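Next comes protein-v1.pdb, a file with PDB, C-alpha atoms and all ligand atoms.
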```
ATOM      1  CA  MET A   1     -17.599   0.965   2.273  1.00  0.00           C
ATOM      2  CA  ASN A   2     -16.911   4.505   3.280  1.00  0.00           C
ATOM      3  CA  LEU A   3     -15.975   6.854   0.439  1.00  0.00           C
ATOM      4  CA  GLN A   4     -14.893  10.426   0.958  1.00  0.00           C
ATOM      5  CA  VAL A   5     -14.022  12.956  -1.707  1.00  0.00           C
ATOM      6  CA  PHE A   6     -11.874  15.968  -0.878  1.00  0.00           C
ATOM      7  CA  SER A   7     -11.012  19.110  -2.803  1.00  0.00           C
ATOM      8  CA  ASN A   8      -7.619  19.214  -1.158  1.00  0.00           C
ATOM      9  CA  TRP A   9      -5.200  16.264  -1.079  1.00  0.00           C
ATOM     10  CA  GLU A  10      -3.560  17.376   2.128  1.00  0.00           C
ATOM     11  CA  THR A  11      -6.924  17.303   3.881  1.00  0.00           C
ATOM     12  CA  ALA A  12      -7.671  13.867   2.407  1.00  0.00           C
ATOM     13  CA  SER A  13      -4.317  12.531   3.539  1.00  0.00           C
ATOM     14  CA  ARG A  14      -4.814  13.959   7.024  1.00  0.00           C
ATOM     15  CA  ALA A  15      -8.190  12.240   7.251  1.00  0.00           C
ATOM     16  CA  ALA A  16      -6.625   8.943   6.120  1.00  0.00           C
ATOM     17  CA  ALA A  17      -3.854   9.386   8.692  1.00  0.00           C
ATOM     18  CA  GLY A  18      -6.588   9.909  11.283  1.00  0.00           C
ATOM     19  CA  VAL A  19      -8.082   6.498  10.485  1.00  0.00           C
ATOM     20  CA  LEU A  20      -4.711   4.872  10.871  1.00  0.00           C
ATOM     21  CA  LEU A  21      -3.959   6.649  14.133  1.00  0.00           C
ATOM     22  CA  ASP A  22      -7.328   5.521  15.492  1.00  0.00           C
ATOM     23  CA  VAL A  23      -6.310   1.938  14.687  1.00  0.00           C
ATOM     24  CA  VAL A  24      -3.024   2.414  16.546  1.00  0.00           C
ATOM     25  CA  ARG A  25      -4.644   4.142  19.531  1.00  0.00           C
ATOM     26  CA  ALA A  26      -7.060   1.233  19.873  1.00  0.00           C
ATOM     27  CA  LYS A  27      -4.239  -1.278  19.462  1.00  0.00           C
ATOM     28  CA  PRO A  28      -0.719   0.089  19.932  1.00  0.00           C
ATOM     29  CA  MET A  29       0.809  -3.165  18.653  1.00  0.00           C
ATOM     30  CA  ALA A  30      -1.242  -3.072  15.446  1.00  0.00           C
ATOM     31  CA  ALA A  31       0.220  -4.754  12.362  1.00  0.00           C
ATOM     32  CA  ILE A  32       0.099  -2.228   9.548  1.00  0.00           C
ATOM     33  CA  CYS A  33       1.021  -2.726   5.948  1.00  0.00           C
ATOM     34  CA  PHE A  34       2.271   0.292   4.020  1.00  0.00           C
ATOM     35  CA  ALA A  35       2.208   1.048   0.296  1.00  0.00           C
ATOM     36  CA  THR A  36       4.983   2.642  -1.691  1.00  0.00           C
ATOM     37  CA  GLY A  37       4.066   5.258  -4.295  1.00  0.00           C
ATOM     38  CA  ASN A  38       3.411   8.923  -4.854  1.00  0.00           C
ATOM     39  CA  THR A  39      -0.144   8.652  -3.596  1.00  0.00           C
ATOM     40  CA  PRO A  40       0.562   7.893   0.103  1.00  0.00           C
ATOM     41  CA  LYS A  41       3.514  10.294   0.490  1.00  0.00           C
ATOM     42  CA  GLN A  42       1.362  13.032   1.999  1.00  0.00           C
ATOM     43  CA  LEU A  43      -0.269  10.527   4.343  1.00  0.00           C
ATOM     44  CA  TYR A  44       3.189   9.575   5.603  1.00  0.00           C
ATOM     45  CA  ARG A  45       4.053  13.256   6.085  1.00  0.00           C
ATOM     46  CA  GLU A  46       0.899  13.630   8.165  1.00  0.00           C
ATOM     47  CA  LEU A  47       1.842  10.617  10.290  1.00  0.00           C
ATOM     48  CA  VAL A  48       5.356  11.943  10.842  1.00  0.00           C
ATOM     49  CA  GLN A  49       3.938  15.313  11.846  1.00  0.00           C
ATOM     50  CA  ALA A  50       1.477  13.729  14.276  1.00  0.00           C
ATOM     51  CA  VAL A  51       4.221  11.650  15.890  1.00  0.00           C
ATOM     52  CA  ARG A  52       6.609  14.597  16.141  1.00  0.00           C
ATOM     53  CA  ALA A  53       3.863  16.735  17.641  1.00  0.00           C
ATOM     54  CA  GLY A  54       3.303  14.068  20.282  1.00  0.00           C
ATOM     55  CA  GLN A  55      -0.254  13.381  19.095  1.00  0.00           C
ATOM     56  CA  ALA A  56       0.478   9.758  18.343  1.00  0.00           C
ATOM     57  CA  SER A  57       3.038   7.064  18.819  1.00  0.00           C
ATOM     58  CA  LEU A  58       3.985   4.296  16.438  1.00  0.00           C
ATOM     59  CA  HIS A  59       6.627   2.803  18.691  1.00  0.00           C
ATOM     60  CA  GLU A  60       4.854  -0.498  19.167  1.00  0.00           C
ATOM     61  CA  ILE A  61       3.390  -1.142  15.699  1.00  0.00           C
ATOM     62  CA  GLN A  62       4.521  -3.980  13.489  1.00  0.00           C
ATOM     63  CA  ALA A  63       5.247  -2.503  10.062  1.00  0.00           C
ATOM     64  CA  PHE A  64       5.039  -4.482   6.832  1.00  0.00           C
ATOM     65  CA  THR A  65       5.438  -3.355   3.254  1.00  0.00           C
ATOM     66  CA  LEU A  66       2.907  -4.325   0.659  1.00  0.00           C
ATOM     67  CA  ASP A  67       5.233  -5.188  -2.164  1.00  0.00           C
ATOM     68  CA  GLU A  68       8.794  -4.848  -3.413  1.00  0.00           C
ATOM     69  CA  THR A  69      10.531  -4.527  -6.729  1.00  0.00           C
ATOM     70  CA  GLY A  70      13.045  -7.168  -7.763  1.00  0.00           C
ATOM     71  CA  THR A  71      15.490  -4.517  -8.894  1.00  0.00           C
ATOM     72  CA  VAL A  72      17.788  -3.569  -6.076  1.00  0.00           C
ATOM     73  CA  ALA A  73      19.766  -0.336  -5.635  1.00  0.00           C
ATOM     74  CA  GLU A  74      23.523  -0.416  -6.106  1.00  0.00           C
ATOM     75  CA  ASP A  75      24.060  -0.488  -2.357  1.00  0.00           C
ATOM     76  CA  GLY A  76      21.906  -3.629  -2.153  1.00  0.00           C
ATOM     77  CA  VAL A  77      18.944  -2.073  -0.347  1.00  0.00           C
ATOM     78  CA  PRO A  78      15.588  -3.042  -1.862  1.00  0.00           C
ATOM     79  CA  PHE A  79      13.909   0.071  -3.281  1.00  0.00           C
ATOM     80  CA  PHE A  80      10.515  -0.085  -1.600  1.00  0.00           C
ATOM     81  CA  ARG A  81      12.023  -0.751   1.780  1.00  0.00           C
ATOM     82  CA  ARG A  82      14.245   2.269   1.266  1.00  0.00           C
ATOM     83  CA  PHE A  83      11.207   4.330   0.237  1.00  0.00           C
ATOM     84  CA  MET A  84       9.383   3.418   3.452  1.00  0.00           C
ATOM     85  CA  GLU A  85      12.471   4.076   5.565  1.00  0.00           C
ATOM     86  CA  GLU A  86      12.893   7.491   4.018  1.00  0.00           C
ATOM     87  CA  HIS A  87       9.254   8.580   4.112  1.00  0.00           C
ATOM     88  CA  LEU A  88       8.080   7.031   7.358  1.00  0.00           C
ATOM     89  CA  TYR A  89      10.144   4.492   9.282  1.00  0.00           C
ATOM     90  CA  ASP A  90      13.224   6.641   9.909  1.00  0.00           C
ATOM     91  CA  PRO A  91      11.387   9.917  10.627  1.00  0.00           C
ATOM     92  CA  VAL A  92       9.155   8.213  13.217  1.00  0.00           C
ATOM     93  CA  GLU A  93      12.130   6.201  14.492  1.00  0.00           C
ATOM     94  CA  LEU A  94      10.787   2.688  14.096  1.00  0.00           C
ATOM     95  CA  ARG A  95      13.185   0.094  15.460  1.00  0.00           C
ATOM     96  CA  SER A  96      14.427  -2.598  13.095  1.00  0.00           C
ATOM     97  CA  GLU A  97      12.567  -5.289  15.026  1.00  0.00           C
ATOM     98  CA  GLN A  98       9.299  -3.476  14.244  1.00  0.00           C
ATOM     99  CA  ILE A  99       9.867  -3.775  10.506  1.00  0.00           C
ATOM    100  CA  ASP A 100       9.466  -6.669   8.128  1.00  0.00           C
ATOM    101  CA  ALA A 101       9.635  -6.501   4.340  1.00  0.00           C
ATOM    102  CA  LEU A 102       9.770  -8.847   1.392  1.00  0.00           C
ATOM    103  CA  ASN A 103      13.362  -9.574   0.478  1.00  0.00           C
ATOM    104  CA  PRO A 104      13.885  -9.816  -3.289  1.00  0.00           C
ATOM    105  CA  LEU A 105      17.458 -11.024  -2.687  1.00  0.00           C
ATOM    106  CA  ALA A 106      16.353 -14.197  -0.894  1.00  0.00           C
ATOM    107  CA  ALA A 107      17.804 -17.315  -2.515  1.00  0.00           C
ATOM    108  CA  ASP A 108      14.413 -19.013  -2.577  1.00  0.00           C
ATOM    109  CA  LEU A 109      11.704 -16.455  -3.354  1.00  0.00           C
ATOM    110  CA  ASP A 110       8.847 -18.855  -2.799  1.00  0.00           C
ATOM    111  CA  GLN A 111      10.179 -19.640   0.658  1.00  0.00           C
ATOM    112  CA  GLU A 112      10.603 -15.907   1.303  1.00  0.00           C
ATOM    113  CA  CYS A 113       6.938 -15.358   0.437  1.00  0.00           C
ATOM    114  CA  ARG A 114       5.861 -18.151   2.825  1.00  0.00           C
ATOM    115  CA  ARG A 115       8.110 -16.641   5.527  1.00  0.00           C
ATOM    116  CA  TYR A 116       6.452 -13.244   5.052  1.00  0.00           C
ATOM    117  CA  GLU A 117       2.950 -14.663   5.303  1.00  0.00           C
ATOM    118  CA  ALA A 118       3.980 -16.510   8.470  1.00  0.00           C
ATOM    119  CA  SER A 119       5.433 -13.300   9.906  1.00  0.00           C
ATOM    120  CA  ILE A 120       2.106 -11.532   9.299  1.00  0.00           C
ATOM    121  CA  ARG A 121       0.235 -14.421  10.920  1.00  0.00           C
ATOM    122  CA  GLN A 122       2.567 -14.251  13.891  1.00  0.00           C
ATOM    123  CA  ALA A 123       1.768 -10.546  14.242  1.00  0.00           C
ATOM    124  CA  GLY A 124      -1.884 -11.554  14.549  1.00  0.00           C
ATOM    125  CA  GLY A 125      -2.824 -10.690  10.962  1.00  0.00           C
ATOM    126  CA  LEU A 126      -2.920  -7.230   9.432  1.00  0.00           C
ATOM    127  CA  ASP A 127      -4.979  -4.674  11.308  1.00  0.00           C
ATOM    128  CA  ALA A 128      -4.783  -2.161   8.475  1.00  0.00           C
ATOM    129  CA  VAL A 129      -3.390  -1.896   4.958  1.00  0.00           C
ATOM    130  CA  ILE A 130      -2.674   1.375   3.163  1.00  0.00           C
ATOM    131  CA  LEU A 131      -3.269   0.988  -0.561  1.00  0.00           C
ATOM    132  CA  GLY A 132      -2.912   3.009  -3.730  1.00  0.00           C
ATOM    133  CA  ILE A 133      -4.309   1.905  -7.074  1.00  0.00           C
ATOM    134  CA  GLY A 134      -2.180   1.357 -10.149  1.00  0.00           C
ATOM    135  CA  LEU A 135      -3.129   2.972 -13.432  1.00  0.00           C
ATOM    136  CA  ASN A 136      -3.903  -0.525 -14.717  1.00  0.00           C
ATOM    137  CA  GLY A 137      -6.031  -1.352 -11.660  1.00  0.00           C
ATOM    138  CA  HIS A 138      -3.371  -3.272  -9.811  1.00  0.00           C
ATOM    139  CA  LEU A 139      -3.520  -3.570  -6.058  1.00  0.00           C
ATOM    140  CA  ALA A 140      -0.048  -3.879  -4.564  1.00  0.00           C
ATOM    141  CA  TYR A 141       1.622  -5.739  -7.460  1.00  0.00           C
ATOM    142  CA  ASN A 142      -1.393  -7.897  -8.181  1.00  0.00           C
ATOM    143  CA  GLU A 143      -1.571  -7.075 -11.849  1.00  0.00           C
ATOM    144  CA  PRO A 144      -4.698  -7.536 -14.011  1.00  0.00           C
ATOM    145  CA  GLY A 145      -5.570 -11.235 -14.212  1.00  0.00           C
ATOM    146  CA  SER A 146      -4.586 -11.909 -10.576  1.00  0.00           C
ATOM    147  CA  SER A 147      -6.880 -14.292  -8.741  1.00  0.00           C
ATOM    148  CA  ARG A 148      -8.975 -13.092  -5.814  1.00  0.00           C
ATOM    149  CA  HIS A 149      -7.377 -16.041  -3.986  1.00  0.00           C
ATOM    150  CA  SER A 150      -3.758 -15.212  -4.872  1.00  0.00           C
ATOM    151  CA  ARG A 151      -1.153 -15.351  -2.137  1.00  0.00           C
ATOM    152  CA  THR A 152       2.209 -13.651  -1.640  1.00  0.00           C
ATOM    153  CA  ARG A 153       4.366 -14.364  -4.663  1.00  0.00           C
ATOM    154  CA  ARG A 154       6.757 -13.242  -7.354  1.00  0.00           C
ATOM    155  CA  VAL A 155       5.076 -11.405 -10.246  1.00  0.00           C
ATOM    156  CA  ALA A 156       6.044  -9.963 -13.624  1.00  0.00           C
ATOM    157  CA  LEU A 157       5.307  -6.235 -13.857  1.00  0.00           C
ATOM    158  CA  GLU A 158       3.275  -4.681 -16.638  1.00  0.00           C
ATOM    159  CA  ALA A 159       4.934  -1.810 -18.477  1.00  0.00           C
ATOM    160  CA  SER A 160       2.864   0.870 -16.694  1.00  0.00           C
ATOM    161  CA  SER A 161       3.790  -0.552 -13.272  1.00  0.00           C
ATOM    162  CA  SER A 162       7.421  -0.819 -14.200  1.00  0.00           C
ATOM    163  CA  GLN A 163       7.353   2.784 -15.427  1.00  0.00           C
ATOM    164  CA  ALA A 164       5.653   4.052 -12.258  1.00  0.00           C
ATOM    165  CA  ALA A 165       8.267   2.303 -10.098  1.00  0.00           C
ATOM    166  CA  ALA A 166      11.101   3.712 -12.184  1.00  0.00           C
ATOM    167  CA  ASN A 167       9.650   7.202 -11.643  1.00  0.00           C
ATOM    168  CA  TYR A 168      10.124   6.906  -7.876  1.00  0.00           C
ATOM    169  CA  PHE A 169      13.774   5.999  -8.354  1.00  0.00           C
ATOM    170  CA  PRO A 170      15.160   7.962 -11.294  1.00  0.00           C
ATOM    171  CA  GLY A 171      18.173   6.395 -12.941  1.00  0.00           C
ATOM    172  CA  SER A 172      17.430   2.906 -11.638  1.00  0.00           C
ATOM    173  CA  ALA A 173      17.556  -0.160 -13.875  1.00  0.00           C
ATOM    174  CA  ARG A 174      14.324  -1.343 -15.489  1.00  0.00           C
ATOM    175  CA  MET A 175      11.996  -2.955 -12.965  1.00  0.00           C
ATOM    176  CA  GLU A 176      10.643  -6.097 -14.503  1.00  0.00           C
ATOM    177  CA  TRP A 177       9.395  -8.122 -11.586  1.00  0.00           C
ATOM    178  CA  GLY A 178       8.362  -7.774  -8.023  1.00  0.00           C
ATOM    179  CA  LEU A 179       7.129  -9.533  -4.910  1.00  0.00           C
ATOM    180  CA  THR A 180       3.673  -8.791  -3.613  1.00  0.00           C
ATOM    181  CA  LEU A 181       1.176  -9.700  -0.976  1.00  0.00           C
ATOM    182  CA  GLY A 182      -1.588 -11.602  -2.747  1.00  0.00           C
ATOM    183  CA  LEU A 183      -5.139 -10.379  -3.066  1.00  0.00           C
ATOM    184  CA  ALA A 184      -6.228 -12.987  -0.517  1.00  0.00           C
ATOM    185  CA  ASP A 185      -3.628 -11.657   1.949  1.00  0.00           C
ATOM    186  CA  ILE A 186      -4.781  -8.072   1.441  1.00  0.00           C
ATOM    187  CA  LEU A 187      -8.476  -8.893   1.657  1.00  0.00           C
ATOM    188  CA  ALA A 188      -7.862 -10.830   4.897  1.00  0.00           C
ATOM    189  CA  ALA A 189      -6.799  -7.593   6.648  1.00  0.00           C
ATOM    190  CA  LYS A 190      -9.230  -6.122   9.165  1.00  0.00           C
ATOM    191  CA  ARG A 191      -9.285  -2.684   7.611  1.00  0.00           C
ATOM    192  CA  LEU A 192      -8.242  -1.200   4.271  1.00  0.00           C
ATOM    193  CA  VAL A 193      -7.413   2.443   3.602  1.00  0.00           C
ATOM    194  CA  VAL A 194      -7.435   3.205  -0.115  1.00  0.00           C
ATOM    195  CA  LEU A 195      -6.111   6.413  -1.607  1.00  0.00           C
ATOM    196  CA  ALA A 196      -6.288   7.816  -5.126  1.00  0.00           C
ATOM    197  CA  ASN A 197      -5.691  11.295  -6.441  1.00  0.00           C
ATOM    198  CA  GLY A 198      -5.334  13.036  -9.767  1.00  0.00           C
ATOM    199  CA  ALA A 199      -7.235  12.964 -13.043  1.00  0.00           C
ATOM    200  CA  ASN A 200      -5.114  10.113 -14.410  1.00  0.00           C
ATOM    201  CA  LYS A 201      -6.679   7.798 -11.801  1.00  0.00           C
ATOM    202  CA  ALA A 202     -10.305   8.800 -12.551  1.00  0.00           C
ATOM    203  CA  GLU A 203     -11.057   6.048 -15.064  1.00  0.00           C
ATOM    204  CA  ILE A 204      -9.471   3.246 -13.043  1.00  0.00           C
ATOM    205  CA  VAL A 205     -11.198   4.469  -9.869  1.00  0.00           C
ATOM    206  CA  ARG A 206     -14.496   4.368 -11.757  1.00  0.00           C
ATOM    207  CA  ARG A 207     -13.822   0.823 -12.933  1.00  0.00           C
ATOM    208  CA  ALA A 208     -12.706  -0.281  -9.464  1.00  0.00           C
ATOM    209  CA  LEU A 209     -15.865   1.096  -7.861  1.00  0.00           C
ATOM    210  CA  GLU A 210     -18.535   0.787 -10.535  1.00  0.00           C
ATOM    211  CA  ALA A 211     -17.602  -1.746 -13.238  1.00  0.00           C
ATOM    212  CA  PRO A 212     -18.293  -5.449 -12.584  1.00  0.00           C
ATOM    213  CA  ILE A 213     -15.938  -7.001 -10.022  1.00  0.00           C
ATOM    214  CA  SER A 214     -13.311  -8.939 -11.949  1.00  0.00           C
ATOM    215  CA  ALA A 215      -9.688 -10.013 -12.020  1.00  0.00           C
ATOM    216  CA  GLU A 216      -9.234  -7.606 -14.940  1.00  0.00           C
ATOM    217  CA  VAL A 217      -9.332  -4.825 -12.352  1.00  0.00           C
ATOM    218  CA  PRO A 218      -7.862  -6.289  -9.168  1.00  0.00           C
ATOM    219  CA  ALA A 219      -8.830  -3.142  -7.238  1.00  0.00           C
ATOM    220  CA  SER A 220     -12.494  -4.019  -7.890  1.00  0.00           C
ATOM    221  CA  PHE A 221     -12.127  -6.855  -5.326  1.00  0.00           C
ATOM    222  CA  LEU A 222     -11.942  -4.143  -2.670  1.00  0.00           C
ATOM    223  CA  ARG A 223     -15.729  -4.050  -2.911  1.00  0.00           C
ATOM    224  CA  GLU A 224     -15.822  -7.524  -1.361  1.00  0.00           C
ATOM    225  CA  HIS A 225     -14.128  -6.291   1.823  1.00  0.00           C
ATOM    226  CA  PRO A 226     -16.389  -5.227   4.707  1.00  0.00           C
ATOM    227  CA  ASN A 227     -14.230  -2.423   6.086  1.00  0.00           C
ATOM    228  CA  VAL A 228     -12.717  -0.158   3.433  1.00  0.00           C
ATOM    229  CA  ASP A 229     -12.207   3.586   3.621  1.00  0.00           C
ATOM    230  CA  TRP A 230     -11.651   5.334   0.301  1.00  0.00           C
ATOM    231  CA  PHE A 231      -9.995   8.747   0.210  1.00  0.00           C
ATOM    232  CA  LEU A 232     -10.202  10.453  -3.173  1.00  0.00           C
ATOM    233  CA  ASP A 233      -9.650  13.918  -4.478  1.00  0.00           C
ATOM    234  CA  GLU A 234     -12.181  15.573  -6.801  1.00  0.00           C
ATOM    235  CA  GLN A 235     -10.119  14.720  -9.877  1.00  0.00           C
ATOM    236  CA  ALA A 236      -9.888  11.005  -9.108  1.00  0.00           C
ATOM    237  CA  ALA A 237     -13.619  10.912  -8.276  1.00  0.00           C
ATOM    238  CA  ALA A 238     -14.646  12.853 -11.387  1.00  0.00           C
ATOM    239  CA  LEU A 239     -16.089   9.911 -13.347  1.00  0.00           C
ATOM    240  CA  LEU A 240     -18.042   8.276 -10.513  1.00  0.00           C
ATOM    241  CA  ASP A 241     -21.829   8.067 -10.757  1.00  0.00           C
ATOM    242  CA  ARG A 242     -22.138   7.456  -7.035  1.00  0.00           C
ATOM    243  CA  ARG A 243     -20.034   8.940  -4.285  1.00  0.00           C
ATOM    244  CA  GLY A 244     -20.784   6.682  -1.382  1.00  0.00           C
TER
HETATM  245  P1  LIG J   1       1.256   5.798  -7.346  1.00  0.00           P
HETATM  246  O1  LIG J   1       1.296   4.240  -7.562  1.00  0.00           O
HETATM  247  O2  LIG J   1       0.846   6.006  -5.932  1.00  0.00           O
HETATM  248  O3  LIG J   1       2.643   6.281  -7.573  1.00  0.00           O
HETATM  249  O4  LIG J   1       0.261   6.349  -8.315  1.00  0.00           O
HETATM  250  C1  LIG J   1       0.231   3.481  -7.134  1.00  0.00           C
HETATM  251  C2  LIG J   1       0.391   2.072  -7.601  1.00  0.00           C
HETATM  252  O5  LIG J   1       0.975   1.862  -8.671  1.00  0.00           O
HETATM  253  O6  LIG J   1      -0.083   1.164  -6.900  1.00  0.00           O
END
```
Transcribe the structure of this file into structure tokens.
Amino acid sequence: MNLQVFSNWETASRAAAGVLLDVVRAKPMAAICFATGNTPKQLYRELVQAVRAGQASLHEIQAFTLDETGTVAEDGVPFFRRFMEEHLYDPVELRSEQIDALNPLAADLDQECRRYEASIRQAGGLDAVILGIGLNGHLAYNEPGSSRHSRTRRVALEASSSQAAANYFPGSARMEWGLTLGLADILAAKRLVVLANGANKAEIVRRALEAPISAEVPASFLREHPNVDWFLDEQAAALLDRRG
């Protein structure tokens, strides 16, 4: 595990973007899974800037999204897909054939989850996953109690997760369920890039990194992965005994 603490979130996000761009330089067709949320927004800005400045190209990557809410915007576009289009896919001009996402409108959600896993397998497995951590310790939408062996599936959202999702999309209907990659799918990725900032994440970051590994804090399973880079700001790292 590689853990870095930064005083400035922009610097942290640039460093995280650097890891991702190294993955893409080594393998232009890398399969990368992106998280929705406030935490990775600056990372996506850094990626857009790097692409626009000609320092990097994402034109061959396979892009996946980590999870999706079951509530869909009035125009029928799933919210998390829209988030990724707005913050990254459109600005870096990904083509539609480079993008796959969980479809909460599929008639058979279980089949949709199997399709998504197969799509990831077909891409050669995930080369990197960008992750935030939920206030309740969730990883993607693997809420507390999720098995280390869980696969892609439909999940009920806890109130804090539902609230966080509603904050990204003001005025939207209550988000009660979602679709998510399972913990087993995430932990099977070659590399994980984990981001957390702000004092409100300090306690859950401490539990993820220093409390016993358990399904109560799904993010604690990250410690079982051999190739994880953590990017924290001082506030999120404030309660850690060890910093690396
Ligand atoms: P946030 O959400 O980045 O908006 O804090 C993270 C999460 O809930 O996984």
**Asked** Hey, which residues come within 7 Å of ligand LIG 1 (chain J) if we count all atoms listed in the file? Could you give them as a ChimeraX atom specification?
**Response** /A:36-40,132-135,138-140,161,164
Per residue of range 76-141 of chain A within 10 Å of range 223-232 of chain A, note the shortest atom pair and the distance in Å to one decimal, counting only C-alpha atoms, and order the rows by chain and increasing residue number, as a Markdown table.
```
| residue | atom | partner | partner_atom | distance |
| --- | --- | --- | --- | --- |
| A:Ala128 | CA | A:Val228 | CA | 9.6 |
| A:Val129 | CA | A:Val228 | CA | 9.6 |
| A:Ile130 | CA | A:Asp229 | CA | 9.8 |
| A:Leu131 | CA | A:Trp230 | CA | 9.5 |
| A:Gly132 | CA | A:Trp230 | CA | 9.9 |
```
**Request:** Do a neighbour search on Ser220 in chain A at 9 Å with all atoms listed in the file, toss out local chain neighbours closer than 2 positions, and write the hits as a list in words.
**Result:** Gly137, Val205, Arg207, Ala208, Leu209, Glu210, Ala211, Pro212, Ile213, Ser214, Ala215, Glu216, Val217, Pro218, Leu222, Arg223 and Glu224 of chain A
**Asked** Distance CA of Ala199 in chain A-CA of Ala12 in chain A, one decimal place?
**Response** 15.5 Å
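You will find CA of Ile61 in chain A at 29.3 Å from CA of Asn167 in chain A.
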Using the file's own x, y and z axes, what box holds all listed atoms of range 95-111 of chain A with 5 Å on each side, keeping edges along x, y and z, and what are its centre and edge lengths in Å to one decimal, as AutoDock Vina command-line options?
```
--center_x 13.3 --center_y -9.8 --center_z 6.1 --size_x 19.0 --size_y 29.7 --size_z 28.8
```
**Message:** Let me make sure I understand: among A:Arg243, A:Arg95, A:Arg206, A:Arg115, which one has the smallest atom-to-atom distance to Val5 in chain A if we use only C-alpha atoms?
**Reply:** A:Arg243
Can you give me, as a JSON list (two decimals) with C-alpha atoms, in the coordinates of the input, the residues this file yields under the PyMOL selection byres (((chain A and resi 116) around 8) and not hetatm)?
```
[["chain", "number", "residue", "atom", "x", "y", "z"],
["A", 100, "ASP", "CA", 9.47, -6.67, 8.13],
["A", 101, "ALA", "CA", 9.64, -6.50, 4.34],
["A", 102, "LEU", "CA", 9.77, -8.85, 1.39],
["A", 112, "GLU", "CA", 10.60, -15.91, 1.30],
["A", 113, "CYS", "CA", 6.94, -15.36, 0.44],
["A", 114, "ARG", "CA", 5.86, -18.15, 2.82],
["A", 115, "ARG", "CA", 8.11, -16.64, 5.53],
["A", 117, "GLU", "CA", 2.95, -14.66, 5.30],
["A", 118, "ALA", "CA", 3.98, -16.51, 8.47],
["A", 119, "SER", "CA", 5.43, -13.30, 9.91],
["A", 120, "ILE", "CA", 2.11, -11.53, 9.30],
["A", 152, "THR", "CA", 2.21, -13.65, -1.64]]
```
**Request:** Run through the PyMOL selection byres (((chain A and resi 183) around 7) and not hetatm) on the given coordinates and return the selected residues as a PyMOL selection string.
**Result:** chain A and resi 142+148-151+181-182+184-187
What would range 87-101 of chain A look like with N, CA and C atoms restored, written as an mmCIF file, in the coordinates of the input?
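What landed in out_39.cif:
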```cif
data_model
loop_
_atom_site.group_PDB
_atom_site.id
_atom_site.type_symbol
_atom_site.label_atom_id
_atom_site.label_comp_id
_atom_site.auth_asym_id
_atom_site.auth_seq_id
_atom_site.Cartn_x
_atom_site.Cartn_y
_atom_site.Cartn_z
ATOM 1 N N HIS A 87 10.477 7.782 3.957
ATOM 2 C CA HIS A 87 9.254 8.580 4.112
ATOM 3 C C HIS A 87 8.544 8.387 5.446
ATOM 4 N N LEU A 88 8.809 7.256 6.107
ATOM 5 C CA LEU A 88 8.080 7.031 7.358
ATOM 6 C C LEU A 88 8.923 6.398 8.470
ATOM 7 N N TYR A 89 9.546 5.256 8.182
ATOM 8 C CA TYR A 89 10.144 4.492 9.282
ATOM 9 C C TYR A 89 11.241 5.271 10.005
ATOM 10 N N ASP A 90 12.148 5.899 9.246
ATOM 11 C CA ASP A 90 13.224 6.641 9.909
ATOM 12 C C ASP A 90 12.705 7.896 10.616
ATOM 13 N N PRO A 91 11.874 8.711 9.937
ATOM 14 C CA PRO A 91 11.387 9.917 10.627
ATOM 15 C C PRO A 91 10.601 9.627 11.903
ATOM 16 N N VAL A 92 9.888 8.493 11.964
ATOM 17 C CA VAL A 92 9.155 8.213 13.217
ATOM 18 C C VAL A 92 9.954 7.270 14.125
ATOM 19 N N GLU A 93 11.183 6.985 13.678
ATOM 20 C CA GLU A 93 12.130 6.201 14.492
ATOM 21 C C GLU A 93 11.628 4.814 14.858
ATOM 22 N N LEU A 94 11.122 4.090 13.847
ATOM 23 C CA LEU A 94 10.787 2.688 14.096
ATOM 24 C C LEU A 94 12.086 1.935 14.350
ATOM 25 N N ARG A 95 12.023 0.954 15.211
ATOM 26 C CA ARG A 95 13.185 0.094 15.460
ATOM 27 C C ARG A 95 13.183 -1.034 14.444
ATOM 28 N N SER A 96 14.363 -1.589 14.159
ATOM 29 C CA SER A 96 14.427 -2.598 13.095
ATOM 30 C C SER A 96 13.558 -3.811 13.406
ATOM 31 N N GLU A 97 13.394 -4.111 14.713
ATOM 32 C CA GLU A 97 12.567 -5.289 15.026
ATOM 33 C C GLU A 97 11.076 -5.025 14.819
ATOM 34 N N GLN A 98 10.708 -3.770 14.550
ATOM 35 C CA GLN A 98 9.299 -3.476 14.244
ATOM 36 C C GLN A 98 8.995 -3.647 12.762
ATOM 37 N N ILE A 99 10.030 -3.847 11.957
ATOM 38 C CA ILE A 99 9.867 -3.775 10.506
ATOM 39 C C ILE A 99 10.104 -5.130 9.854
ATOM 40 N N ASP A 100 9.194 -5.514 8.986
ATOM 41 C CA ASP A 100 9.466 -6.669 8.128
ATOM 42 C C ASP A 100 9.140 -6.246 6.693
ATOM 43 N N ALA A 101 9.835 -6.853 5.753
ATOM 44 C CA ALA A 101 9.635 -6.501 4.340
ATOM 45 C C ALA A 101 9.999 -7.706 3.498
#
```
